[in-house]
Each structure stands twice: as structure tokens, then as C-alpha cells.
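Here the structure comes first, spelled out in C-alpha cells, and everything after it is commentary.
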Amino acid sequence: MLKGIISPVWFTDTIPSGYNTVMNTIAIIGGGASGLMAALFASRSGADVTLYEHNSGVGKKILASGNGRCNIINTTASADDYAGNDPHFVTYALKQLNFHYFEKFCHSIGLILDIKDDGRCYPLSNEAKSVLIALKSAVSESGTKILTDAKVIAITKDDTHFTVQTQQSKQRYSKVLIATGSEAAPQLGASAEGYRFAKSFGHEILPTYPSLVQLHLNSKNHPKMAGVKTTAEVTLIIDGKSKEKIEGDILFANYGISGLAILDISQKASYALLNKQRVSISLNLLPRYDRQTLVTIVEKLFASVPKHDVHTALCGIIPAKIATYLLEDAGIALSTTVSALNPKEIKKLSHLIGEWKFDVTDTHGFKHAEVSGGGVSTAQINNKTMESKLIKGLYFAGEVLDIVGRRGGYNFNFAWASGMIAGKEMAK
């Protein structure tokens, strides 16, 4: 896919054969990405749709995503980009909402995409607000009734209908979609209510954990390096075995470590911590060089400045504050003259630059996580319809399910796709 903007191909979604054009009442619980998408497709297909959102407005996480830019989708998405008990659950949905189809859909609601070389896509405005305005307008125009400040406290079912209860009222519906999202970012209104509703209908809830989140470290030095940012290769180590390597920026913080490279390994790290495994990371502060080359570079550097103290010399290749605490971990005084170092100390220091290890004790929690892993077991959901295998007429979409994607638009990708399928299927 070439970088740039594709000229609009206008998209019309007509009512397919076999869809209901008489009264089919649907309640959608949650006004995030998957809920809005489901509402739009269900309403366009002839259903009578009511969307319940407990916040004062819909799409709060859309507005906050991508640092306010909204990485709306990724052109390269496949099951390999997701985690959960069954990552391949996403395959059918991603095929139904392939990128070409999604781009036409975006054009149909007045949204044009800017496509990056790595497959990430953003609105041409480079503003998340554009995505929400376009989507919310389309949903409103479709005839969906949007109820905000409407917290659902219970969902029950008799032989023929569901009853959705808020603090203000009770209403009956023929079908219900739970699209409540996860616990990630409670400051934006996230909660575990969807899991409670699912459990009340007999669904299995797999343990949840934060993902795309910062990590806490067991080290006395990371708080002293707070605010220092650099590029490194990060290796995730679980129970003593290397599991993943990612190169990117890292940022030391009072609690531990952040940065895009850390977010990228955080799903596996968080899941391992949930399962009481030993987790650590190893930092290669000069990732372009292998272990032996690093030794050679440091030897040549020190040979060229024999009268420098070792800290001054190291500042030529790594950030000064990092050099301070790297030397502390190596047991070498900052004031030591380079010429006073023996070959063993130089090799130890070189290896530490390429393999600086820290134990991971925790994540920075759901409040700081972009998404959540775990949730409603996909084994009890039909992946072609998003309908519960246990309760007829009950559907699920988006992050409430045990599916979590990598950073780069993949979580939105599944939210749009699962929401679209659920909306179309509920309207039948």
C-alpha cells in the first residue's frame, strides 16, 4: 500500500435481501467504536435501534486514541496481530471488513484516510475528533436513538424478549448487543459492567489484564533516570527465556519504564505477570551493534581519550544520566580514569550497554492502559455473527471479548469489524 491519500470511492449500503424491514427492536449497550458501528449498520438495515451510553457523550476513547489523532485502522491486520485464547477468532471479521471496504465506508460518512507506509491509517485531518463527528452524525442520521447519561444496571431475558433496565426506566427489546469495552482507562468511563452482564447469562469471563501499558521495575536507579528518553532494543524475558524483541523509544519514569517499545511488549509481559511468571527486560542501548562489535567500539573510544574519566567518555555514546547509573550497576566509580580500566572492566561495561537487565514487578495499571486483554470467552461466541452460543439474541462486539490487538490501529480494526457484523446480523 503506497503512502498517501486514496481518492474517494463512494459507498452505498443498501438493505440486503432477507433483512427485516418490520419492527426489530435492538438495544446496544456501549457507545464506543464497536457500539456505534453496530448501531449504524443495524439501523441502515431496517432495525429499530437504541444505543445506551453511560457517559455524557459517545466515543470518548475514540477522541483520546492515538494522542488525539486516532490510528483508525491498519491495512495489514491478520490474526497474527491479536492475542487471546483464540486469536483466529478475528479472521472472519477482518475478511468481512477488509481495508478496501472500510475505506469506502469512511468515504460514505465523509471521512478520508491518510495511509502510512507501515499500514497505519489516520483521518486526513489528523484529528480524532473528525472520526467521532463523522461516525456520530451517520449514526444519528440512520435513525438510531442515542441515550447518554444512561447507565444500564441490569439486562434480563424472558422467553421472547430482553429487558434493559437503567436507573430511570425499563425497556423491552428483541435483541441486545453488549459493546461496553473493557476496564482500560476508567477516567474515560471504562468499566467491567459488560463482564457482569455476560456472566449473568452464563458466559465465562477470562481474567483481564492491562495491555499497551507502562511497566514497573524493581530497581533503585530508574527513578533517578526519570524523564530520560532514548532508543533501545528491548528484549522481554519470561521465566528466564527470551520471548520478544522490539526496537524503539524507551522513557524512564518514577514508577519504571515507558515508551513505544515498552507498550509493544506489554501485552505478553502483563499476561505473564497475571499468571505469576517471572518477568524481566533487557535493554540494548546501542541496538545497531552486536555484542562483540560493542566491545570493539568501547575499546576504541576509550583508547582515543585515555585521560578522560569514564563517565565523560561514555557520554559520547549514551545519554549522560543513563551513563551515571550504568556505571553504578557495573561497580565502576564515575571519576575513574579511562586508562585505569582493565580489559575485564571494559568488557563488562560493554556487555552492560548491550544487555542491561531489569526485573518487572507490575504494570502501571488499567488507568494508564490503552486496552485490556481477557474478557468474554470467544469459545462461547459465533465468530460469523457475534451472537452468543448460549443465549439467542444476545450479541457481543469489541474489547469486551477476549481479543486484544497490537499497537497500530489493530484494536480499532477488530472493533469496527465485529461491530459491523453484529449490527448486520441483529437486523436480520
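Convention: chains lettered A, B, ... in C-alpha cells order; per-chain residue numbering from 1; ligands numbered from 1 as shown.
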
Considering only C-alpha atoms, return as a PDB file with N, CA and C atoms, in the first residue's frame whatever protein or nucleic-acid residues lie within 12 Å of A:Leu135, sequence-local ones (same chain, fewer than 3 positions apart) excluded.
```pdb
ATOM      1  N   GLY A  31     -21.390   3.056  23.738  1.00  0.00           N
ATOM      2  CA  GLY A  31     -21.264   3.932  22.583  1.00  0.00           C
ATOM      3  C   GLY A  31     -19.831   4.188  22.177  1.00  0.00           C
ATOM      4  N   GLY A  32     -19.020   3.119  22.192  1.00  0.00           N
ATOM      5  CA  GLY A  32     -17.653   3.219  21.681  1.00  0.00           C
ATOM      6  C   GLY A  32     -17.612   2.839  20.214  1.00  0.00           C
ATOM      7  N   ALA A  33     -16.427   2.472  19.739  1.00  0.00           N
ATOM      8  CA  ALA A  33     -16.245   2.177  18.325  1.00  0.00           C
ATOM      9  C   ALA A  33     -17.150   1.044  17.841  1.00  0.00           C
ATOM     10  N   SER A  34     -17.152  -0.080  18.558  1.00  0.00           N
ATOM     11  CA  SER A  34     -17.942  -1.232  18.104  1.00  0.00           C
ATOM     12  C   SER A  34     -19.435  -0.969  18.240  1.00  0.00           C
ATOM     13  N   GLY A  35     -19.853  -0.285  19.308  1.00  0.00           N
ATOM     14  CA  GLY A  35     -21.264   0.002  19.506  1.00  0.00           C
ATOM     15  C   GLY A  35     -21.814   0.949  18.457  1.00  0.00           C
ATOM     16  N   LEU A  36     -21.071   2.004  18.137  1.00  0.00           N
ATOM     17  CA  LEU A  36     -21.506   2.951  17.113  1.00  0.00           C
ATOM     18  C   LEU A  36     -21.578   2.291  15.743  1.00  0.00           C
ATOM     19  N   MET A  37     -20.585   1.466  15.451  1.00  0.00           N
ATOM     20  CA  MET A  37     -20.574   0.771  14.155  1.00  0.00           C
ATOM     21  C   MET A  37     -21.771  -0.173  14.042  1.00  0.00           C
ATOM     22  N   ALA A  38     -22.042  -0.908  15.099  1.00  0.00           N
ATOM     23  CA  ALA A  38     -23.179  -1.834  15.090  1.00  0.00           C
ATOM     24  C   ALA A  38     -24.490  -1.076  14.937  1.00  0.00           C
ATOM     25  N   ALA A  39     -24.623   0.037  15.648  1.00  0.00           N
ATOM     26  CA  ALA A  39     -25.854   0.826  15.568  1.00  0.00           C
ATOM     27  C   ALA A  39     -26.097   1.313  14.153  1.00  0.00           C
ATOM     28  N   LEU A  40     -25.054   1.788  13.500  1.00  0.00           N
ATOM     29  CA  LEU A  40     -25.187   2.312  12.146  1.00  0.00           C
ATOM     30  C   LEU A  40     -25.643   1.241  11.164  1.00  0.00           C
ATOM     31  N   PHE A  41     -24.993   0.088  11.223  1.00  0.00           N
ATOM     32  CA  PHE A  41     -25.333  -0.968  10.261  1.00  0.00           C
ATOM     33  C   PHE A  41     -26.683  -1.602  10.558  1.00  0.00           C
ATOM     34  N   VAL A  58     -20.876   9.966  23.504  1.00  0.00           N
ATOM     35  CA  VAL A  58     -20.332   8.718  22.962  1.00  0.00           C
ATOM     36  C   VAL A  58     -18.882   8.929  22.495  1.00  0.00           C
ATOM     37  N   GLY A  59     -18.149   7.822  22.348  1.00  0.00           N
ATOM     38  CA  GLY A  59     -16.845   7.836  21.692  1.00  0.00           C
ATOM     39  C   GLY A  59     -15.715   8.508  22.427  1.00  0.00           C
ATOM     40  N   ILE A  62     -12.412   7.053  21.491  1.00  0.00           N
ATOM     41  CA  ILE A  62     -12.040   7.422  20.125  1.00  0.00           C
ATOM     42  C   ILE A  62     -11.310   8.764  20.154  1.00  0.00           C
ATOM     43  N   LEU A  63     -11.857   9.715  20.900  1.00  0.00           N
ATOM     44  CA  LEU A  63     -11.255  11.053  20.985  1.00  0.00           C
ATOM     45  C   LEU A  63      -9.854  11.010  21.582  1.00  0.00           C
ATOM     46  N   ILE A  72      -6.956   4.838  13.113  1.00  0.00           N
ATOM     47  CA  ILE A  72      -8.293   4.294  12.942  1.00  0.00           C
ATOM     48  C   ILE A  72      -8.320   2.835  12.488  1.00  0.00           C
ATOM     49  N   PHE A 105     -16.387   2.736   3.166  1.00  0.00           N
ATOM     50  CA  PHE A 105     -17.322   3.094   4.232  1.00  0.00           C
ATOM     51  C   PHE A 105     -16.978   4.464   4.804  1.00  0.00           C
ATOM     52  N   CYS A 106     -15.692   4.706   5.067  1.00  0.00           N
ATOM     53  CA  CYS A 106     -15.270   6.001   5.614  1.00  0.00           C
ATOM     54  C   CYS A 106     -15.657   7.139   4.671  1.00  0.00           C
ATOM     55  N   HIS A 107     -15.437   6.936   3.377  1.00  0.00           N
ATOM     56  CA  HIS A 107     -15.821   7.964   2.409  1.00  0.00           C
ATOM     57  C   HIS A 107     -17.321   8.237   2.460  1.00  0.00           C
ATOM     58  N   SER A 108     -18.104   7.189   2.690  1.00  0.00           N
ATOM     59  CA  SER A 108     -19.558   7.335   2.705  1.00  0.00           C
ATOM     60  C   SER A 108     -20.055   8.179   3.873  1.00  0.00           C
ATOM     61  N   ILE A 109     -19.259   8.292   4.924  1.00  0.00           N
ATOM     62  CA  ILE A 109     -19.655   9.122   6.068  1.00  0.00           C
ATOM     63  C   ILE A 109     -18.830  10.411   6.129  1.00  0.00           C
ATOM     64  N   GLY A 110     -18.114  10.701   5.037  1.00  0.00           N
ATOM     65  CA  GLY A 110     -17.389  11.964   4.932  1.00  0.00           C
ATOM     66  C   GLY A 110     -16.018  11.976   5.550  1.00  0.00           C
ATOM     67  N   LEU A 111     -15.370  10.818   5.595  1.00  0.00           N
ATOM     68  CA  LEU A 111     -14.058  10.705   6.231  1.00  0.00           C
ATOM     69  C   LEU A 111     -13.057  10.176   5.219  1.00  0.00           C
ATOM     70  N   ALA A 128      -8.598  13.115  15.898  1.00  0.00           N
ATOM     71  CA  ALA A 128      -9.555  12.071  16.265  1.00  0.00           C
ATOM     72  C   ALA A 128     -10.988  12.591  16.267  1.00  0.00           C
ATOM     73  N   LYS A 129     -11.148  13.863  16.547  1.00  0.00           N
ATOM     74  CA  LYS A 129     -12.486  14.453  16.598  1.00  0.00           C
ATOM     75  C   LYS A 129     -13.220  14.285  15.270  1.00  0.00           C
ATOM     76  N   SER A 130     -12.467  14.300  14.163  1.00  0.00           N
ATOM     77  CA  SER A 130     -13.073  14.119  12.840  1.00  0.00           C
ATOM     78  C   SER A 130     -13.754  12.763  12.723  1.00  0.00           C
ATOM     79  N   VAL A 131     -13.118  11.731  13.279  1.00  0.00           N
ATOM     80  CA  VAL A 131     -13.674  10.383  13.224  1.00  0.00           C
ATOM     81  C   VAL A 131     -14.991  10.333  13.990  1.00  0.00           C
ATOM     82  N   LEU A 132     -14.988  10.880  15.197  1.00  0.00           N
ATOM     83  CA  LEU A 132     -16.197  10.830  16.012  1.00  0.00           C
ATOM     84  C   LEU A 132     -17.325  11.667  15.408  1.00  0.00           C
ATOM     85  N   ALA A 138     -23.430  10.067  11.188  1.00  0.00           N
ATOM     86  CA  ALA A 138     -24.011   8.989  10.389  1.00  0.00           C
ATOM     87  C   ALA A 138     -24.976   8.148  11.218  1.00  0.00           C
ATOM     88  N   VAL A 139     -24.597   7.871  12.467  1.00  0.00           N
ATOM     89  CA  VAL A 139     -25.462   7.074  13.345  1.00  0.00           C
ATOM     90  C   VAL A 139     -26.760   7.826  13.636  1.00  0.00           C
ATOM     91  N   SER A 140     -26.656   9.109  13.913  1.00  0.00           N
ATOM     92  CA  SER A 140     -27.852   9.904  14.189  1.00  0.00           C
ATOM     93  C   SER A 140     -28.765   9.956  12.971  1.00  0.00           C
ATOM     94  N   GLU A 141     -28.182  10.160  11.798  1.00  0.00           N
ATOM     95  CA  GLU A 141     -28.965  10.231  10.565  1.00  0.00           C
ATOM     96  C   GLU A 141     -29.612   8.896  10.213  1.00  0.00           C
ATOM     97  N   SER A 142     -29.046   7.800  10.713  1.00  0.00           N
ATOM     98  CA  SER A 142     -29.598   6.474  10.407  1.00  0.00           C
ATOM     99  C   SER A 142     -30.894   6.209  11.156  1.00  0.00           C
ATOM    100  N   TRP A 416     -14.330  -2.154  14.789  1.00  0.00           N
ATOM    101  CA  TRP A 416     -15.168  -1.824  13.628  1.00  0.00           C
ATOM    102  C   TRP A 416     -15.753  -3.092  13.003  1.00  0.00           C
TER     103      TRP A 416
END
```

Please list as a ChimeraX atom specification every residue within 8 Å of stretch 79-83 of chain A, counting only C-alpha atoms and excluding residues in the same chain fewer than 4 positions away. /A:87-91,373,403-406,410

Could you write out that same residue set with C-alpha atoms as a short mmCIF file (atom, residue, chain, number, x, y, z; two decimals), in the first residue's frame?
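Result saved to result-v9.cif:
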```cif
data_model
loop_
_atom_site.label_atom_id
_atom_site.label_comp_id
_atom_site.auth_asym_id
_atom_site.auth_seq_id
_atom_site.Cartn_x
_atom_site.Cartn_y
_atom_site.Cartn_z
CA PRO A 87 -6.65 -15.16 18.17
CA HIS A 88 -8.03 -16.72 14.98
CA PHE A 89 -11.50 -15.74 16.17
CA VAL A 90 -10.83 -12.40 14.41
CA THR A 91 -10.11 -13.87 10.96
CA GLY A 373 -6.74 -8.43 27.48
CA ILE A 403 -9.32 -10.35 21.99
CA VAL A 404 -6.56 -7.75 22.28
CA GLY A 405 -4.51 -6.32 19.43
CA ARG A 406 -1.05 -4.88 18.98
CA TYR A 410 -5.44 -3.21 15.34
#
```

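For A:Pro186, the list of residues within 10 Å, based on only C-alpha atoms and with local chain neighbours fewer than 4 positions off taken out, reads Ser182, Ala190, Ser191, Ala192, Phe366, Lys367, His368 and Ala369 of chain A.
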
Residue subset to file, keeping C-alpha atoms, as a compact mmCIF listing (two decimals), in the first residue's frame:
```
# COMPACT_ATOMS: atom_id res chain seq x y z
CA SER A 182 -13.04 -3.12 28.96
CA ALA A 190 -14.39 2.40 31.15
CA SER A 191 -15.79 -0.27 33.46
CA ALA A 192 -16.23 -4.02 33.94
CA PHE A 366 -5.79 -0.19 33.91
CA LYS A 367 -5.89 3.57 34.43
CA HIS A 368 -2.88 4.01 32.16
CA ALA A 369 -3.57 1.12 29.77
```

Could you write out, as a PyMOL selection string, all the residues of stretch 160-369 of chain A that DSSP marks as alpha helix (DSSP H)? chain A and resi 193-200+260-274+291-304+310-314+320-330+343-354

Among stretch 265-371 of chain A, which ones does DSSP assign to strand (DSSP E) (computed from the backbone)? Answer as a PyMOL selection string. chain A and resi 279-284+356-363+371

Please list as a list in words every residue within 12 Å of A:Val360, counting only C-alpha atoms and excluding residues in the same chain fewer than 4 positions away. Gln214, Leu215, His216, Leu217, Asn218, Ser219, His222, Leu236, Ile237, Ile238, Asp239, Tyr255, Gly256, Ile257, Ile262, Ile265, Ser266, Ala269, Ser270, Ala272, Leu273, Lys276, Gln277, Arg278, Val279, Ser280, Ile281, Ser282 and His364 of chain A

Sort by chain and increasing residue number a table of all residues of stretch 167-247 of chain A within 9 Å of stretch 374-391 of chain A, each with its closest pair of atoms and their distance in Å to one decimal, counting only C-alpha atoms, and write it as a Markdown table.
```
| residue | atom | partner | partner_atom | distance |
| --- | --- | --- | --- | --- |
| A:Leu177 | CA | A:Glu387 | CA | 8.6 |
| A:Ser182 | CA | A:Gly375 | CA | 7.7 |
| A:Gly194 | CA | A:Val376 | CA | 8.7 |
| A:Tyr195 | CA | A:Val376 | CA | 6.6 |
| A:Ala198 | CA | A:Val376 | CA | 7.1 |
| A:Lys199 | CA | A:Val376 | CA | 8.4 |
| A:Phe201 | CA | A:Ile391 | CA | 7.2 |
| A:Gly202 | CA | A:Leu390 | CA | 7.5 |
| A:His203 | CA | A:Val376 | CA | 6.8 |
| A:Glu204 | CA | A:Ser377 | CA | 5.6 |
| A:Ile205 | CA | A:Val376 | CA | 4.6 |
| A:Leu206 | CA | A:Gly375 | CA | 5.0 |
| A:Pro207 | CA | A:Gly374 | CA | 5.4 |
| A:Thr208 | CA | A:Gly374 | CA | 4.2 |
| A:Tyr209 | CA | A:Gly374 | CA | 6.5 |
```

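If only C-alpha atoms are the atoms counted, then among A:Pro287, A:Pro210, A:Pro343, A:Gly143 the closest residue to A:Gly46 is A:Gly143.
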
If I take atom CA of A:Ser174 and atom CA of A:Thr144, how far is one from the other in Å, to one decimal? 15.4 Å

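If only C-alpha atoms are the atoms counted, then among A:Lys175, A:Gly119, A:Asp86, A:Ser200 the closest residue to A:Leu401 is A:Asp86.
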